[in-house]
>>> print(open('model29.txt').read())   # compact mmCIF, C-alpha atoms
# COMPACT_ATOMS: atom_id res chain seq x y z
CA MET A 1 31.30 128.53 93.14
CA SER A 2 31.78 132.14 92.01
CA ASP A 3 32.17 133.21 88.40
CA ARG A 4 35.81 134.11 89.09
CA HIS A 5 36.63 130.65 90.38
CA GLU A 6 34.85 129.06 87.44
CA ALA A 7 36.71 131.35 85.04
CA PHE A 8 40.06 130.35 86.52
CA ARG A 9 39.28 126.66 86.19
CA ALA A 10 38.14 127.19 82.61
CA LEU A 11 41.55 128.62 81.70
CA HIS A 12 43.07 125.15 82.20
CA ARG A 13 42.27 123.81 78.74
CA THR A 14 43.62 120.84 76.84
CA GLY A 15 45.28 122.09 73.68
CA SER A 16 45.29 125.70 74.86
CA PRO A 17 46.85 125.73 78.33
CA LEU A 18 46.92 128.58 80.79
CA LEU A 19 50.21 130.43 80.28
CA LEU A 20 50.77 131.85 83.72
CA PRO A 21 53.31 134.62 84.47
CA ASN A 22 54.51 134.90 88.06
CA ALA A 23 54.86 138.24 89.85
CA TRP A 24 56.85 139.05 92.98
CA ASP A 25 55.46 142.43 94.10
CA HIS A 26 52.55 144.77 93.48
CA ALA A 27 54.23 146.63 90.62
CA SER A 28 55.12 143.50 88.66
CA ALA A 29 51.61 142.08 89.15
CA ALA A 30 49.99 145.37 88.14
CA ALA A 31 52.20 145.58 85.04
CA LEU A 32 51.19 142.04 84.02
CA ALA A 33 47.51 142.83 84.63
CA ARG A 34 47.82 146.01 82.57
CA ALA A 35 49.41 143.94 79.79
CA GLY A 36 46.22 141.89 79.67
CA PHE A 37 47.13 138.60 81.32
CA PRO A 38 43.87 137.08 82.60
CA ALA A 39 45.57 135.22 85.45
CA ILE A 40 48.75 135.90 87.42
CA GLY A 41 50.63 133.75 89.90
CA THR A 42 53.20 134.71 92.47
CA THR A 43 56.71 133.30 92.80
CA SER A 44 57.77 132.35 96.30
CA LEU A 45 61.43 132.88 95.43
CA GLY A 46 60.73 136.42 94.24
CA VAL A 47 58.52 137.31 97.20
CA ALA A 48 61.02 135.94 99.73
CA ALA A 49 64.15 137.30 98.06
CA ALA A 50 62.62 140.77 97.65
CA ALA A 51 62.09 140.74 101.43
CA GLY A 52 65.63 139.55 102.13
CA LYS A 53 64.49 136.08 103.13
CA ALA A 54 65.19 132.58 101.87
CA ASP A 55 62.69 130.72 99.71
CA ALA A 56 61.03 127.46 100.79
CA THR A 57 61.84 127.95 104.46
CA GLY A 58 58.44 129.22 105.58
CA ALA A 59 59.91 132.62 106.47
CA ALA A 60 57.83 134.76 104.10
CA ARG A 61 54.28 133.99 105.25
CA GLU A 62 53.42 137.57 106.17
CA GLU A 63 54.96 139.01 102.99
CA THR A 64 53.01 136.48 100.94
CA LEU A 65 49.72 137.35 102.63
CA ARG A 66 50.34 141.10 102.37
CA LEU A 67 51.09 140.85 98.66
CA ALA A 68 48.09 138.58 98.03
CA ARG A 69 45.69 140.99 99.71
CA GLY A 70 46.96 143.83 97.56
CA ILE A 71 47.09 142.18 94.16
CA ALA A 72 43.77 140.36 94.57
CA ARG A 73 42.21 143.78 93.81
CA LEU A 74 43.75 143.77 90.33
CA PRO A 75 41.62 142.92 87.27
CA ALA A 76 43.21 139.48 86.97
CA LEU A 77 42.69 136.11 88.62
CA ILE A 78 45.34 135.59 91.29
CA THR A 79 46.91 132.33 92.43
CA VAL A 80 49.49 132.39 95.21
CA ASP A 81 52.56 130.26 95.86
CA ILE A 82 52.39 129.34 99.54
CA GLU A 83 55.51 127.13 99.59
CA GLY A 84 54.69 124.15 101.85
CA GLY A 85 51.84 126.01 103.52
CA PHE A 86 54.19 127.77 105.98
CA SER A 87 53.42 125.00 108.47
CA ASP A 88 53.30 121.24 108.81
CA ARG A 89 50.02 121.51 110.74
CA PRO A 90 46.84 121.00 108.68
CA GLU A 91 44.94 123.48 110.85
CA ASP A 92 47.48 126.21 110.07
CA VAL A 93 47.27 125.53 106.35
CA ALA A 94 43.48 125.63 106.63
CA ASP A 95 43.66 129.04 108.31
CA LEU A 96 45.92 130.32 105.54
CA ALA A 97 43.59 129.01 102.83
CA ARG A 98 40.66 130.79 104.48
CA GLU A 99 42.58 134.06 104.70
CA LEU A 100 43.60 133.93 101.06
CA ALA A 101 40.11 133.01 99.87
CA ALA A 102 38.66 135.87 101.91
CA ALA A 103 41.12 138.24 100.21
CA GLY A 104 39.82 137.22 96.77
CA VAL A 105 42.59 134.83 95.73
CA VAL A 106 41.33 132.02 93.48
CA GLY A 107 44.16 129.49 93.81
CA VAL A 108 47.29 128.37 95.63
CA ASN A 109 50.36 126.25 94.97
CA LEU A 110 51.16 123.87 97.81
CA GLU A 111 54.48 122.01 97.55
CA ASP A 112 55.85 118.86 99.16
CA GLY A 113 59.54 119.86 99.17
CA ARG A 114 61.02 120.81 102.52
CA PRO A 115 63.93 123.08 103.52
CA ASP A 116 66.19 120.13 104.35
CA GLY A 117 65.93 118.81 100.79
CA THR A 118 63.52 115.98 101.57
CA LEU A 119 59.94 115.41 100.53
CA THR A 120 57.03 115.43 102.93
CA ALA A 121 55.52 111.99 103.45
CA VAL A 122 52.64 111.46 101.03
CA ASP A 123 50.05 110.94 103.79
CA ALA A 124 51.12 114.13 105.56
CA GLN A 125 50.98 116.14 102.33
CA CYS A 126 47.56 114.74 101.53
CA ALA A 127 46.38 115.89 104.96
CA LEU A 128 47.48 119.46 104.11
CA ILE A 129 45.65 119.32 100.77
CA ARG A 130 42.47 118.06 102.41
CA ALA A 131 42.68 120.74 105.07
CA ALA A 132 43.03 123.53 102.49
CA LYS A 133 40.11 122.21 100.45
CA ALA A 134 37.88 121.77 103.50
CA ALA A 135 38.60 125.33 104.62
CA ALA A 136 38.16 126.93 101.19
CA PRO A 137 36.36 124.51 98.85
CA ASP A 138 36.39 126.86 95.84
CA LEU A 139 40.12 127.56 96.07
CA PHE A 140 42.04 125.89 93.22
CA VAL A 141 44.69 123.86 95.04
CA ASN A 142 47.60 123.14 92.72
CA ALA A 143 49.54 120.38 94.48
CA ARG A 144 53.23 120.59 93.60
CA THR A 145 55.69 117.75 93.93
CA ASP A 146 59.41 118.48 93.99
CA THR A 147 60.55 115.02 92.96
CA TYR A 148 62.45 116.40 89.98
CA TRP A 149 63.65 119.55 91.74
CA LEU A 150 65.20 117.51 94.55
CA GLY A 151 66.25 114.46 92.56
CA ALA A 152 64.04 112.38 94.79
CA GLY A 153 62.69 109.91 92.27
CA GLY A 154 61.73 109.90 88.63
CA GLY A 155 58.47 109.30 86.83
CA THR A 156 57.29 106.42 89.01
CA GLU A 157 57.58 108.31 92.31
CA THR A 158 56.19 111.43 90.71
CA GLU A 159 53.15 109.57 89.41
CA ARG A 160 52.61 107.95 92.82
CA ARG A 161 52.58 111.34 94.49
CA VAL A 162 50.46 113.29 92.03
CA THR A 163 47.80 110.59 91.83
CA ALA A 164 47.65 110.54 95.65
CA TYR A 165 47.33 114.32 95.71
CA GLN A 166 44.54 114.13 93.14
CA ARG A 167 42.69 111.62 95.33
CA ALA A 168 43.15 113.95 98.32
CA GLY A 169 41.21 116.65 96.47
CA ALA A 170 43.84 118.66 94.58
CA ASP A 171 42.35 120.55 91.65
CA GLY A 172 45.60 120.37 89.68
CA VAL A 173 49.14 119.07 90.10
CA PHE A 174 52.45 120.79 89.39
CA VAL A 175 55.70 119.03 88.52
CA PRO A 176 58.46 121.63 88.13
CA GLY A 177 61.67 120.39 86.55
CA VAL A 178 60.20 117.61 84.41
CA ARG A 179 61.30 117.91 80.77
CA ASP A 180 61.15 114.39 79.37
CA GLU A 181 58.24 114.38 76.95
CA SER A 182 57.45 110.71 77.52
CA VAL A 183 57.18 111.30 81.29
CA ILE A 184 54.98 114.35 80.75
CA ALA A 185 52.67 112.42 78.45
CA ALA A 186 52.47 109.55 80.96
CA LEU A 187 51.56 111.93 83.77
CA VAL A 188 48.85 113.54 81.66
CA GLY A 189 47.46 110.09 80.93
CA ALA A 190 47.46 109.11 84.59
CA LEU A 191 45.59 112.20 85.77
CA ASP A 192 42.05 113.52 85.62
CA VAL A 193 43.10 116.96 86.87
CA PRO A 194 45.25 119.49 84.95
CA LEU A 195 49.01 119.01 84.85
CA ASN A 196 51.11 122.16 85.38
CA VAL A 197 54.69 122.23 84.04
CA LEU A 198 57.31 124.90 84.63
CA HIS A 199 58.54 126.66 81.51
CA ALA A 200 62.24 126.14 80.84
CA PRO A 201 63.97 128.02 78.00
CA ASP A 202 65.86 124.82 77.10
CA GLY A 203 62.86 122.51 77.60
CA PRO A 204 59.73 121.80 75.55
CA SER A 205 58.04 124.94 74.26
CA PRO A 206 54.60 125.93 75.54
CA ALA A 207 53.19 124.84 72.18
CA ARG A 208 54.80 121.41 72.51
CA LEU A 209 53.58 121.09 76.10
CA ALA A 210 50.08 121.89 74.84
CA ASP A 211 50.41 119.07 72.30
CA LEU A 212 51.35 116.72 75.14
CA GLY A 213 48.18 117.60 77.05
CA VAL A 214 49.65 119.97 79.66
CA ARG A 215 46.96 122.41 80.76
CA ARG A 216 49.05 125.00 82.62
CA VAL A 217 52.55 126.36 82.01
CA SER A 218 54.11 128.68 84.60
CA THR A 219 57.13 130.97 84.41
CA GLY A 220 57.98 130.49 88.11
CA SER A 221 60.83 132.73 89.23
CA LEU A 222 62.02 133.39 85.66
CA LEU A 223 60.56 136.90 85.39
CA PHE A 224 61.96 137.91 88.78
CA ARG A 225 65.42 136.61 87.96
CA ALA A 226 65.35 138.27 84.54
CA ALA A 227 64.32 141.60 86.07
CA VAL A 228 67.12 141.49 88.64
CA GLN A 229 69.68 140.63 85.98
CA GLN A 230 68.37 143.39 83.72
CA ALA A 231 68.75 145.89 86.55
CA VAL A 232 72.38 144.85 87.02
CA ASP A 233 73.01 145.02 83.27
CA VAL A 234 71.58 148.54 83.02
CA ALA A 235 73.63 149.65 86.03
CA GLN A 236 76.79 148.30 84.42
CA GLU A 237 75.95 150.07 81.17
CA PHE A 238 75.44 153.26 83.16
CA ILE A 239 78.93 153.17 84.66
CA ARG A 240 80.34 152.54 81.19
CA GLY A 241 78.64 155.70 80.00
CA ALA A 242 76.04 154.01 77.83
CA SER A 243 72.93 155.88 76.77
CA ARG A 244 69.55 155.32 78.40
CA PRO A 245 68.22 151.87 77.46
CA ARG A 246 65.25 151.69 75.14
CA ASP A 247 61.80 150.38 76.04
CA VAL A 248 61.97 151.42 79.68
CA LEU A 249 58.83 152.44 81.56
CA SER A 250 58.53 156.17 82.04
CA TYR A 251 58.35 157.58 85.56
CA ALA A 252 54.67 158.33 85.05
CA ASP A 253 53.93 154.80 83.84
CA ALA A 254 55.77 153.28 86.77
CA GLN A 255 53.97 155.58 89.20
CA ASP A 256 50.67 154.60 87.64
CA LEU A 257 51.22 150.94 88.55
CA ALA A 258 50.55 151.85 92.18
CA SER A 259 47.22 153.51 91.49
CA ALA A 260 45.91 152.34 88.12
CA PHE A 261 43.55 149.79 89.64
CA GLU A 262 42.96 151.24 93.10
CA ASP A 263 39.33 152.06 92.29
CA ARG A 264 38.64 148.55 91.07
CA THR A 265 37.22 147.04 94.22
CA ARG A 266 35.14 143.95 94.70
CA GLU A 267 33.78 141.93 97.55
CA PRO A 268 36.26 139.31 98.80
CA GLY A 269 35.80 136.00 97.06
CA ARG A 270 33.74 137.35 94.17
>>> encode(input="model29.txt", output="structure tokens")
Amino acid sequence: MSDRHEAFRALHRTGSPLLLPNAWDHASAAALARAGFPAIGTTSLGVAAAAGKADATGAAREETLRLARGIARLPALITVDIEGGFSDRPEDVADLARELAAAGVVGVNLEDGRPDGTLTAVDAQCALIRAAKAAAPDLFVNARTDTYWLGAGGGTETERRVTAYQRAGADGVFVPGVRDESVIAALVGALDVPLNVLHAPDGPSPARLADLGVRRVSTGSLLFRAAVQQAVDVAQEFIRGASRPRDVLSYADAQDLASAFEDRTREPGR
């Protein structure tokens, strides 16, 4: 296993979890890398919506790959949201895992929610996890269950799924939407691998999640949604004749995001 893969795994610490921001394009990822974040994820909603496509439908495979290949050159560890793997076929998910690993990506999120609002059968999802791990053994597979997102069962069903995904070889599990502290603590206790929880402004704070044993906290689509709303707010202020907003990137700084790290190259997978 490379130093980069080991470093990413080491960021998942009990008591001091990985606080992972999620980017949606090269500029947002480069800005986060320049701000010093050691690891950056992608948000499938942001990637798909920026391309005019729907999230969680498998439509943004090419956009996801293109972005991953570009931002894997940044001086940060990159993990990529691949929705449900963009296929129900284990061999296709294996091919995708190999492509991402070859690009220098260190991890992926692989979810069990499907476009029709159902959950993939546990055995079928485990087959996708095993395929990804067999194709790219060093890749950190973060197996996501959408039980809370889809209202498809509470703590018992969630625990059944994440423990199955752990047995299938997942390196971590992700339960977006869970906020009940007793459920979170129970999941931590049932798992040997890191638990990832999605940050919610009205949910437990990152510090509280750390106390509960969570080892990774993601922003998900929050940054993308905030950026879009901020753009609309600034546009509305503009038509009202408001002055230029403060704390905005200069043209030169924004331009620099495209080239600041272009000379930082490395062999794929290092």
>>> residues_around(input="model29.txt", residues="range 125-136 of chain A", least_positions_apart="6", cutoff="10 Å", atoms="all atoms listed in the file", output="PyMOL selection string")
chain A and resi 84-85+87-102+106-108+110-113+119+142-143+145+161+164-171
>>> axis_aligned_box(input="model29.txt", around="range 214-229 of chain A", padding_each_side="6 Å", output="lines of an AutoDock Vina configuration file")
center_x = 58.3
center_y = 130.8
center_z = 84.4
size_x = 34.7
size_y = 33.6
size_z = 21.6
>>> residues_around(input="model29.txt", residues="Gly172 in chain A", least_positions_apart="2", cutoff="10 Å", atoms="all atoms listed in the file", output="count of residues only")
22
>>> residues_near_point(input="model29.txt", point="(52.2, 147.9, 97.9)", cutoff="8 Å", atoms="all atoms listed in the file", output="number ranges by chain")
A: 25-27, 67, 70, 258
>>> atom_distance(input="model29.txt", atom1="CA of Ala235 in chain A", atom2="CA of Gln255 in chain A")
20.8 Å
>>> atom_distance(input="model29.txt", atom1="CA of Gly104 in chain A", atom2="CA of Ala49 in chain A")
24.4 Å
>>> residues_around(input="model29.txt", residues="Val183 in chain A", least_positions_apart="3", cutoff="10 Å", atoms="all atoms listed in the file", output="list in words")
Gly154, Gly155, Thr156, Thr158, Glu159, Val178, Arg179, Asp180, Ala186, Leu187, Val188 and Gly189 of chain A
>>> atom_distance(input="model29.txt", atom1="CA of Val80 in chain A", atom2="CA of Leu20 in chain A")
11.6 Å
>>> closest_residue(input="model29.txt", among="A:Thr120, A:Asn22, A:Ser221, A:Ser243", to="Ile40 in chain A", atoms="all atoms listed in the file")
A:Asn22
>>> closest_residue(input="model29.txt", among="A:Leu249, A:Ala227, A:Ala68, A:Ala242", to="Gly46 in chain A", atoms="all atoms listed in the file")
A:Ala227
>>> residues_near_point(input="model29.txt", point="(63.9, 135.0, 85.7)", cutoff="12 Å", atoms="all atoms listed in the file", output="PyMOL selection string")
chain A and resi 21-24+43+45-46+199-201+218-231
>>> decode(input="model29.txt", residues="range 195-220 of chain A", atoms="C-alpha atoms", output="mmCIF file, in the first residue's frame")
data_model
loop_
_atom_site.group_PDB
_atom_site.id
_atom_site.type_symbol
_atom_site.label_atom_id
_atom_site.label_comp_id
_atom_site.auth_asym_id
_atom_site.auth_seq_id
_atom_site.Cartn_x
_atom_site.Cartn_y
_atom_site.Cartn_z
ATOM 1 C CA LEU A 195 -18.198 5.324 10.645
ATOM 2 C CA ASN A 196 -18.784 8.360 8.393
ATOM 3 C CA VAL A 197 -21.660 10.734 9.215
ATOM 4 C CA LEU A 198 -22.919 13.630 7.120
ATOM 5 C CA HIS A 199 -22.660 17.036 8.762
ATOM 6 C CA ALA A 200 -26.025 18.701 9.313
ATOM 7 C CA PRO A 201 -26.208 22.286 10.615
ATOM 8 C CA ASP A 202 -29.091 21.263 12.903
ATOM 9 C CA GLY A 203 -27.543 17.927 13.916
ATOM 10 C CA PRO A 204 -24.713 16.958 16.265
ATOM 11 C CA SER A 205 -21.622 19.117 15.858
ATOM 12 C CA PRO A 206 -18.392 17.612 14.517
ATOM 13 C CA ALA A 207 -17.001 17.815 18.051
ATOM 14 C CA ARG A 208 -19.969 15.877 19.431
ATOM 15 C CA LEU A 209 -19.696 13.299 16.647
ATOM 16 C CA ALA A 210 -16.039 12.880 17.571
ATOM 17 C CA ASP A 211 -17.072 12.215 21.174
ATOM 18 C CA LEU A 212 -19.456 9.521 19.911
ATOM 19 C CA GLY A 213 -16.628 7.758 18.070
ATOM 20 C CA VAL A 214 -17.385 8.891 14.505
ATOM 21 C CA ARG A 215 -14.160 8.891 12.503
ATOM 22 C CA ARG A 216 -15.223 10.850 9.414
ATOM 23 C CA VAL A 217 -17.608 13.777 8.954
ATOM 24 C CA SER A 218 -18.455 14.934 5.420
ATOM 25 C CA THR A 219 -20.087 18.115 4.153
ATOM 26 C CA GLY A 220 -21.732 16.337 1.201
#
